[in-house]
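Notes to accompany the following structure.
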Amino acid sequence: MSGLRAELAGARHARRTIGLVPTMGAFHDGHLSLIARAREQCEVVVVSLFVNPAQFNHRADLDAYPRDEQRDQELARAAGVDFVFAPPVAEVYPDGFSTSVSVAGPTDGLEGEHRGRGHFDGVTTVVAKLLNIVGPDVAYFGRKDAQQVAVVTRMARDLDLPVRIEICPTIRASDGLALSSRNVRLSPVQRRRATALNLALETVRQAILDGERDGPAAVRAGLAVLSAAGVQAEYLELVSPHEFKPVRRVEGDVLAVVAAYLGETRLIDNALIDAVPAAARGRTDEVPEEALT
Ligand code: AMP
């Protein structure tokens, strides 16, 4: 770690902008889109590859998590990444490690509830470490993990971390499935069924755009899509985009969030829904990128 810090010292001294893309590896086009944005905006791009044991609530999920560091290294090089930081677990969590960064509020419910409180503590602790090691001007996160974005943004704000958190759009396969490293674990049948997650979110969106203002009713329409596809939702909910509080009555922008198991593989997805059409607000622009922060 001190090695990377030393290597970046020159760049920092020369006031070159540094972008960090934290990942768990097994790259897909979602990761590459974050890297491309960092490459566009920053003079030095650092990508971290670290399958963080602290954020897994099931040992089996950690063990089965896809890993291909050599391929990731090659893709990173081809994408113009300057530094790939892939520390061993013992370097990140040496003997005696006993500190945790914990965010309250947006960690309640959804992923925080279903993956356990420790999940987000694991995320925020490792992200805080990565930010300290790299000292980036900008750190890039995907909207695909919407609650993670809200939690990391809150941590950066609450701790006055000198970094801008940039949120990047979700990259999807042509049939709408959000790209995820876990998708490679799906059987062909599960892969087809998995499209129901996005379809359910779009059904919720359509219900709201058609005028449904009762949150649970809009959610029921989405649940029907999932069950027709034989997919059991762990949750499908409407929440406020900033606080991640349940929304019963739709009055402004809402975030539809879903988690479901396809066999052993757990997938998540979300859709930001602009409940009030732009024309009715007297403006024509779209929901701003920062809407989730
Ligand atoms: P992961 O390796 O799954 O921890 O993801 C690393 C980063 O890539 C996180 O900020 C994710 O939100 C982001 N990411 C994952 N999947 C996608 C996707 N389909 N589109 C955009 N960003 C993504």
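By convention here, the chains of the structure tokens are called A, B, ... in the order presented, each chain's residues are numbered starting at 1, and ligands are numbered starting at 1 in the order presented.
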- Message: Neighbouring residues of Glu237 (chain A) were defined as those with any atom within 7 Å, considering only C-alpha atoms; residues of the same chain fewer than 6 positions away were excluded. Please report them as a ChimeraX atom specification.
- Response: /A:219,256-258
Please produce a file of the residues just selected, as a PDB file, in the first residue's frame, where the atoms kept are N, CA and C atoms.
ATOM      1  N   VAL A 219     -45.827  -1.423  -6.784  1.00  0.00           N
ATOM      2  CA  VAL A 219     -44.919  -2.537  -6.497  1.00  0.00           C
ATOM      3  C   VAL A 219     -45.577  -3.875  -6.841  1.00  0.00           C
ATOM      4  N   ALA A 256     -37.049   2.640  -7.568  1.00  0.00           N
ATOM      5  CA  ALA A 256     -37.543   1.264  -7.427  1.00  0.00           C
ATOM      6  C   ALA A 256     -36.314   0.372  -7.327  1.00  0.00           C
ATOM      7  N   VAL A 257     -36.300  -0.469  -6.305  1.00  0.00           N
ATOM      8  CA  VAL A 257     -35.119  -1.325  -6.064  1.00  0.00           C
ATOM      9  C   VAL A 257     -35.571  -2.767  -5.942  1.00  0.00           C
ATOM     10  N   VAL A 258     -34.767  -3.656  -6.486  1.00  0.00           N
ATOM     11  CA  VAL A 258     -35.143  -5.073  -6.449  1.00  0.00           C
ATOM     12  C   VAL A 258     -33.926  -5.932  -6.138  1.00  0.00           C
TER      13      VAL A 258
END
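Taking only C-alpha atoms and all ligand atoms into account, every polymer residue with at least one atom at most 6 Å away from ligand 1 is listed here: A:Pro22, A:Thr23, A:Met24, A:Gly25, A:Gly30, A:His31, A:Phe141, A:Gly142, A:Arg143, A:Lys144, A:Asp145, A:Pro169, A:Thr170, A:Ile171, A:Arg172, A:Ala178, A:Leu179, A:Ser180.
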Quick one: contact table of region 156-230 of chain A to region 120-130 of chain A, 10 Å max, nearest atom pair and distance in Å to one decimal per residue, counting only C-alpha atoms, chain and number order, as a tab-separated table?
residue	atom	partner	partner_atom	distance
A:Ala156	CA	A:Ala128	CA	8.5
A:Leu159	CA	A:Ala128	CA	9.7
A:Leu161	CA	A:Ala128	CA	8.8
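Between CA of Asn57 (chain A) and CA of Gln70 (chain A) there is a distance of 26.4 Å.
Ranking A:Leu34, A:Ala54, A:Ala271, A:Val225 by their shortest atom-to-atom distance to Ile167 (chain A), with only C-alpha atoms included, puts A:Leu34 first.
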- Query: Quick one: residues within 9 Å of Ala218 (chain A), only C-alpha atoms counted, chain neighbours fewer than 6 positions away excluded, as a ChimeraX atom specification?
  - Reply: /A:203-208,212,238
- For CA of Ala217 (chain A) and CA of Leu201 (chain A), the interatomic separation in Å (one decimal): 13.2 Å
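If you look at CA of Val134 (chain A) and CA of Val46 (chain A), they are 7.8 Å away from each other.
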- Message: as a PyMOL selection string, please: every residue in region 71-279 of chain A that a backbone DSSP assignment puts in strand (DSSP E or B).
- Response: chain A and resi 83-85+138-142+164-168+172+178+214+232-239+246+249+254-262+265-273
- Message: For Asn183 (chain A), find every residue with an atom within 9 Å (counting only C-alpha atoms), except residues of its own chain fewer than 6 positions away, and show them as a count of residues only.
- Response: 4
- Message: Can you pull out the residues contacting Arg182 (chain A)? Cut-off 12 Å, using only C-alpha atoms, and skip same-chain residues under 2 positions away; I want them as number ranges by chain.
- Response: A: 24-28, 61-62, 64-67, 177-180, 184-187, 190-191, 194, 261-268
- Can you tell me, as a PyMOL selection string, what residues are no more than 7 Å from Pro87 (chain A) when counting only C-alpha atoms, ignoring any on the same chain fewer than 4 positions away? chain A and resi 50+91-92
- Item | Which residue of A:Val45, A:Ala78, A:Leu199, A:Leu32 approaches Arg16 (chain A) most closely, using only C-alpha atoms | A:Val45
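Proximity to Ser227 (chain A) was assessed for A:Leu209, A:Ala260, A:Leu75, A:Leu255 counting only C-alpha atoms; the smallest distance is recorded for A:Ala260.
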